[in-house]
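J.: To start, I am sharing the structure in question, which I have written as structure tokens.
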Amino acid sequence: MAASQQLVRTLLTLSAEVVRRELPEIVEFNKLKSRTAEEALAELVSELGIVYVTALTRQGCSGCETQKPLFRTLAEKMSRENPEKIRFRSYHVNYQDGNKGESWNSKRIFGHAAYPTYIIHVKSHVGPLEIYRSVYPPMEELEKQIKESFELAEFYKVEAETAARSRTGEL
């Protein structure tokens with residue numbers, strides 16, 4: 001009996017964690033700092049058919065603070081409308097006491113010039129592809145670009161499946 005109660009408690013805990021997934025997913029940038037740009041993008045853009053929307057933000061950035069609630073609202077809305085087709089993440093760069101190391105690492109990995117930067121990727125059979133990038137865009141523009149990216153994500157998913165079949169001789 002005690003074992004079954006523990007199992008139920010464990011299942012309930014897991015369910016609660018999944019249901020309360022934060023949108024966008026907030027990731028501290030230091031989790032990526034030791035990776036190459038290729039490794040970081042491969043980890044970030046991991047599934048075919050998904051549109052990945054990434055916000056790069058920095059501590060002390062007033063524009064980042066202004067756009068944070070707008071990006072969260074967009075993420076919640078579009079995730080409700082397209083739950084299986086989209087992933088939102090926000091990589092937050094620490095910037096304390098003039099220490100610019102994390103910011104330079106972010107620029108090395110993502111190749112961006114300023115904060116906040118928003119990037120849209122999809123995965124293809126040749127790896128992650130960047131669809132859109134903008135510094136401080138209006139959220140309406142970001143939403144428009146995301147919607148247009150769904151078709152590309154599906155196209156590259158089909159292309160990857162076709163390429164996989166041709167490698168195995170199924171065509």
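Quick note on naming: the chains in the structure tokens go A, B, ... in the order shown, residues restart at 1 in each chain, and ligands are numbered from 1 in order of appearance.
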Give the strand (DSSP E) residues of stretch 29-160 of chain A, as DSSP finds them on the backbone, and put them as a PyMOL selection string.

T.: chain A and resi 51-58+86-93+117-124+127-135

J.: Residues within 9 Å of A:Pro137, please, as a list in words. Count only C-alpha atoms; anything in the same chain fewer than 3 positions from it doesn't count.

T.: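 In the requested format, the answer is Pro116, Thr117, Tyr118, Ser134, Glu140, Glu141 and Leu142 of chain A.
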
J.: What would the file look like if the residues just selected were written as a PDB file, in the first residue's frame with N, CA and C atoms?

T.:
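Contents of result-v2.pdb, freshly written:
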ATOM      1  N   PRO A 116      17.091  43.396 -26.597  1.00  0.00           N
ATOM      2  CA  PRO A 116      16.715  42.000 -26.790  1.00  0.00           C
ATOM      3  C   PRO A 116      16.741  41.632 -28.269  1.00  0.00           C
ATOM      4  N   THR A 117      17.225  40.438 -28.557  1.00  0.00           N
ATOM      5  CA  THR A 117      17.215  39.902 -29.910  1.00  0.00           C
ATOM      6  C   THR A 117      16.285  38.695 -29.930  1.00  0.00           C
ATOM      7  N   TYR A 118      15.482  38.612 -30.970  1.00  0.00           N
ATOM      8  CA  TYR A 118      14.556  37.499 -31.155  1.00  0.00           C
ATOM      9  C   TYR A 118      14.963  36.760 -32.425  1.00  0.00           C
ATOM     10  N   SER A 134      15.657  39.708 -35.245  1.00  0.00           N
ATOM     11  CA  SER A 134      15.415  41.139 -35.108  1.00  0.00           C
ATOM     12  C   SER A 134      15.750  41.596 -33.692  1.00  0.00           C
ATOM     13  N   GLU A 140       3.829  42.301 -32.938  1.00  0.00           N
ATOM     14  CA  GLU A 140       2.978  41.967 -34.090  1.00  0.00           C
ATOM     15  C   GLU A 140       3.839  41.451 -35.250  1.00  0.00           C
ATOM     16  N   GLU A 141       5.004  42.043 -35.432  1.00  0.00           N
ATOM     17  CA  GLU A 141       5.921  41.588 -36.486  1.00  0.00           C
ATOM     18  C   GLU A 141       6.467  40.203 -36.154  1.00  0.00           C
ATOM     19  N   LEU A 142       6.834  39.987 -34.902  1.00  0.00           N
ATOM     20  CA  LEU A 142       7.333  38.676 -34.486  1.00  0.00           C
ATOM     21  C   LEU A 142       6.251  37.616 -34.685  1.00  0.00           C
TER      22      LEU A 142
END

J.: Using backbone DSSP assignments, extract all alpha helix (DSSP H) residues from chain A; output them as a PyMOL selection string.

T.: chain A and resi 2-19+37-44+62-81+101-110+139-167

J.: Find the residues of stretch 94-156 of chain A that sit at most 12 Å from stretch 73-87 of chain A; for each, write down the nearest two atoms and how far apart they are in Å, to one decimal. Count only C-alpha atoms. Sort by chain, then by number going up, and give it as JSON lines.

T.:
{"residue": "A:Ile119", "atom": "CA", "partner": "A:Arg87", "partner_atom": "CA", "distance": 11.8}
{"residue": "A:Ile120", "atom": "CA", "partner": "A:Arg87", "partner_atom": "CA", "distance": 9.9}
{"residue": "A:His121", "atom": "CA", "partner": "A:Arg87", "partner_atom": "CA", "distance": 10.0}
{"residue": "A:Val122", "atom": "CA", "partner": "A:Ile86", "partner_atom": "CA", "distance": 9.7}
{"residue": "A:Lys123", "atom": "CA", "partner": "A:Ile86", "partner_atom": "CA", "distance": 11.9}
{"residue": "A:Pro138", "atom": "CA", "partner": "A:Leu74", "partner_atom": "CA", "distance": 11.1}
{"residue": "A:Met139", "atom": "CA", "partner": "A:Leu74", "partner_atom": "CA", "distance": 7.4}
{"residue": "A:Glu140", "atom": "CA", "partner": "A:Leu74", "partner_atom": "CA", "distance": 8.9}
{"residue": "A:Glu141", "atom": "CA", "partner": "A:Leu74", "partner_atom": "CA", "distance": 11.2}
{"residue": "A:Leu142", "atom": "CA", "partner": "A:Leu74", "partner_atom": "CA", "distance": 8.9}
{"residue": "A:Glu143", "atom": "CA", "partner": "A:Leu74", "partner_atom": "CA", "distance": 7.4}
{"residue": "A:Lys144", "atom": "CA", "partner": "A:Met78", "partner_atom": "CA", "distance": 11.1}
{"residue": "A:Ile146", "atom": "CA", "partner": "A:Ile86", "partner_atom": "CA", "distance": 8.8}
{"residue": "A:Lys147", "atom": "CA", "partner": "A:Met78", "partner_atom": "CA", "distance": 9.1}
{"residue": "A:Ser149", "atom": "CA", "partner": "A:Ile86", "partner_atom": "CA", "distance": 9.9}
{"residue": "A:Phe150", "atom": "CA", "partner": "A:Lys85", "partner_atom": "CA", "distance": 7.3}
{"residue": "A:Glu151", "atom": "CA", "partner": "A:Lys85", "partner_atom": "CA", "distance": 10.4}
{"residue": "A:Leu152", "atom": "CA", "partner": "A:Lys85", "partner_atom": "CA", "distance": 11.4}
{"residue": "A:Ala153", "atom": "CA", "partner": "A:Lys85", "partner_atom": "CA", "distance": 8.5}
{"residue": "A:Glu154", "atom": "CA", "partner": "A:Lys85", "partner_atom": "CA", "distance": 9.1}

J.: I need the chosen residues saved as a PDB file, in the first residue's frame, with N, CA and C atoms.

T.:
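selection-v9.pdb, written as the output of this step:
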ATOM      1  N   ILE A 119      15.025  35.430 -32.319  1.00  0.00           N
ATOM      2  CA  ILE A 119      15.448  34.601 -33.439  1.00  0.00           C
ATOM      3  C   ILE A 119      14.434  33.470 -33.614  1.00  0.00           C
ATOM      4  N   ILE A 120      14.104  33.175 -34.870  1.00  0.00           N
ATOM      5  CA  ILE A 120      13.225  32.048 -35.187  1.00  0.00           C
ATOM      6  C   ILE A 120      14.049  31.035 -35.974  1.00  0.00           C
ATOM      7  N   HIS A 121      14.002  29.769 -35.519  1.00  0.00           N
ATOM      8  CA  HIS A 121      14.693  28.673 -36.195  1.00  0.00           C
ATOM      9  C   HIS A 121      13.712  27.546 -36.498  1.00  0.00           C
ATOM     10  N   VAL A 122      14.050  26.748 -37.487  1.00  0.00           N
ATOM     11  CA  VAL A 122      13.417  25.453 -37.724  1.00  0.00           C
ATOM     12  C   VAL A 122      14.545  24.462 -37.979  1.00  0.00           C
ATOM     13  N   LYS A 123      14.244  23.186 -37.779  1.00  0.00           N
ATOM     14  CA  LYS A 123      15.243  22.152 -38.040  1.00  0.00           C
ATOM     15  C   LYS A 123      15.018  21.566 -39.428  1.00  0.00           C
ATOM     16  N   PRO A 138       8.522  44.926 -32.960  1.00  0.00           N
ATOM     17  CA  PRO A 138       7.146  44.948 -32.442  1.00  0.00           C
ATOM     18  C   PRO A 138       6.653  43.500 -32.359  1.00  0.00           C
ATOM     19  N   MET A 139       5.903  43.158 -31.335  1.00  0.00           N
ATOM     20  CA  MET A 139       5.435  41.781 -31.165  1.00  0.00           C
ATOM     21  C   MET A 139       4.520  41.354 -32.316  1.00  0.00           C
ATOM     22  N   GLU A 140       3.829  42.301 -32.938  1.00  0.00           N
ATOM     23  CA  GLU A 140       2.978  41.967 -34.090  1.00  0.00           C
ATOM     24  C   GLU A 140       3.839  41.451 -35.250  1.00  0.00           C
ATOM     25  N   GLU A 141       5.004  42.043 -35.432  1.00  0.00           N
ATOM     26  CA  GLU A 141       5.921  41.588 -36.486  1.00  0.00           C
ATOM     27  C   GLU A 141       6.467  40.203 -36.154  1.00  0.00           C
ATOM     28  N   LEU A 142       6.834  39.987 -34.902  1.00  0.00           N
ATOM     29  CA  LEU A 142       7.333  38.676 -34.486  1.00  0.00           C
ATOM     30  C   LEU A 142       6.251  37.616 -34.685  1.00  0.00           C
ATOM     31  N   GLU A 143       5.022  37.926 -34.316  1.00  0.00           N
ATOM     32  CA  GLU A 143       3.916  36.987 -34.490  1.00  0.00           C
ATOM     33  C   GLU A 143       3.713  36.659 -35.974  1.00  0.00           C
ATOM     34  N   LYS A 144       3.765  37.656 -36.827  1.00  0.00           N
ATOM     35  CA  LYS A 144       3.623  37.452 -38.272  1.00  0.00           C
ATOM     36  C   LYS A 144       4.720  36.512 -38.781  1.00  0.00           C
ATOM     37  N   ILE A 146       6.440  34.318 -37.070  1.00  0.00           N
ATOM     38  CA  ILE A 146       6.227  32.977 -36.513  1.00  0.00           C
ATOM     39  C   ILE A 146       5.198  32.228 -37.349  1.00  0.00           C
ATOM     40  N   LYS A 147       4.067  32.889 -37.625  1.00  0.00           N
ATOM     41  CA  LYS A 147       2.996  32.243 -38.397  1.00  0.00           C
ATOM     42  C   LYS A 147       3.495  31.815 -39.776  1.00  0.00           C
ATOM     43  N   SER A 149       6.449  30.943 -40.467  1.00  0.00           N
ATOM     44  CA  SER A 149       7.464  29.900 -40.288  1.00  0.00           C
ATOM     45  C   SER A 149       6.867  28.506 -40.134  1.00  0.00           C
ATOM     46  N   PHE A 150       5.578  28.400 -39.792  1.00  0.00           N
ATOM     47  CA  PHE A 150       4.961  27.084 -39.642  1.00  0.00           C
ATOM     48  C   PHE A 150       5.040  26.285 -40.939  1.00  0.00           C
ATOM     49  N   GLU A 151       4.782  26.945 -42.058  1.00  0.00           N
ATOM     50  CA  GLU A 151       4.833  26.268 -43.350  1.00  0.00           C
ATOM     51  C   GLU A 151       6.252  25.778 -43.651  1.00  0.00           C
ATOM     52  N   LEU A 152       7.254  26.603 -43.334  1.00  0.00           N
ATOM     53  CA  LEU A 152       8.642  26.184 -43.554  1.00  0.00           C
ATOM     54  C   LEU A 152       9.020  25.001 -42.663  1.00  0.00           C
ATOM     55  N   ALA A 153       8.584  25.032 -41.422  1.00  0.00           N
ATOM     56  CA  ALA A 153       8.887  23.924 -40.500  1.00  0.00           C
ATOM     57  C   ALA A 153       8.326  22.617 -41.044  1.00  0.00           C
ATOM     58  N   GLU A 154       7.107  22.670 -41.563  1.00  0.00           N
ATOM     59  CA  GLU A 154       6.484  21.470 -42.127  1.00  0.00           C
ATOM     60  C   GLU A 154       7.213  21.032 -43.397  1.00  0.00           C
TER      61      GLU A 154
END

J.: What is the distance, in Å and to one decimal place, between atom CA of A:Glu22 and atom CA of A:Asp97?

T.: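 Computing it gives 28.8 Å between the two atoms.
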
J.: A:Ser103: which residues within 8 Å, counting only C-alpha atoms, same-chain residues fewer than 2 positions away excluded, as a list in words?

T.: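 Using only C-alpha atoms, the neighbours found are Arg58, Val93, Asn94, Tyr95, Lys100, Gly101, Asn105, Ser106 and Lys107 of chain A.
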
J.: Output C-alpha atoms for every residue in that selection, as a PDB file, in the first residue's frame.

T.:
ATOM      1  CA  ARG A  58      20.379  40.655 -20.626  1.00  0.00           C
ATOM      2  CA  VAL A  93      22.493  36.713 -19.869  1.00  0.00           C
ATOM      3  CA  ASN A  94      23.904  37.843 -16.530  1.00  0.00           C
ATOM      4  CA  TYR A  95      25.676  41.186 -16.645  1.00  0.00           C
ATOM      5  CA  LYS A 100      30.762  41.283 -19.917  1.00  0.00           C
ATOM      6  CA  GLY A 101      31.988  37.672 -20.291  1.00  0.00           C
ATOM      7  CA  ASN A 105      29.751  34.333 -25.059  1.00  0.00           C
ATOM      8  CA  SER A 106      26.137  34.898 -26.069  1.00  0.00           C
ATOM      9  CA  LYS A 107      27.296  36.978 -29.031  1.00  0.00           C
TER      10      LYS A 107
END

J.: So, with only C-alpha atoms as the atoms that count, which of A:Phe71, A:Phe88, A:Phe110, A:Tyr52 lies closest to A:Arg35?

T.: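 Answer, going by the shortest atom-to-atom distance: A:Phe110.
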
J.: Could you jot down the atom CA of A:Ser62 to atom CA of A:Gln96 separation for me, Å, one decimal place?

T.: 14.6 Å

J.: Taking into account only C-alpha atoms, which residue in the set A:Val51, A:Tyr136, A:Thr168, A:Thr66 is nearest to A:Phe155?

T.: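 Residue with the minimum atom-to-atom distance to A:Phe155: A:Val51.
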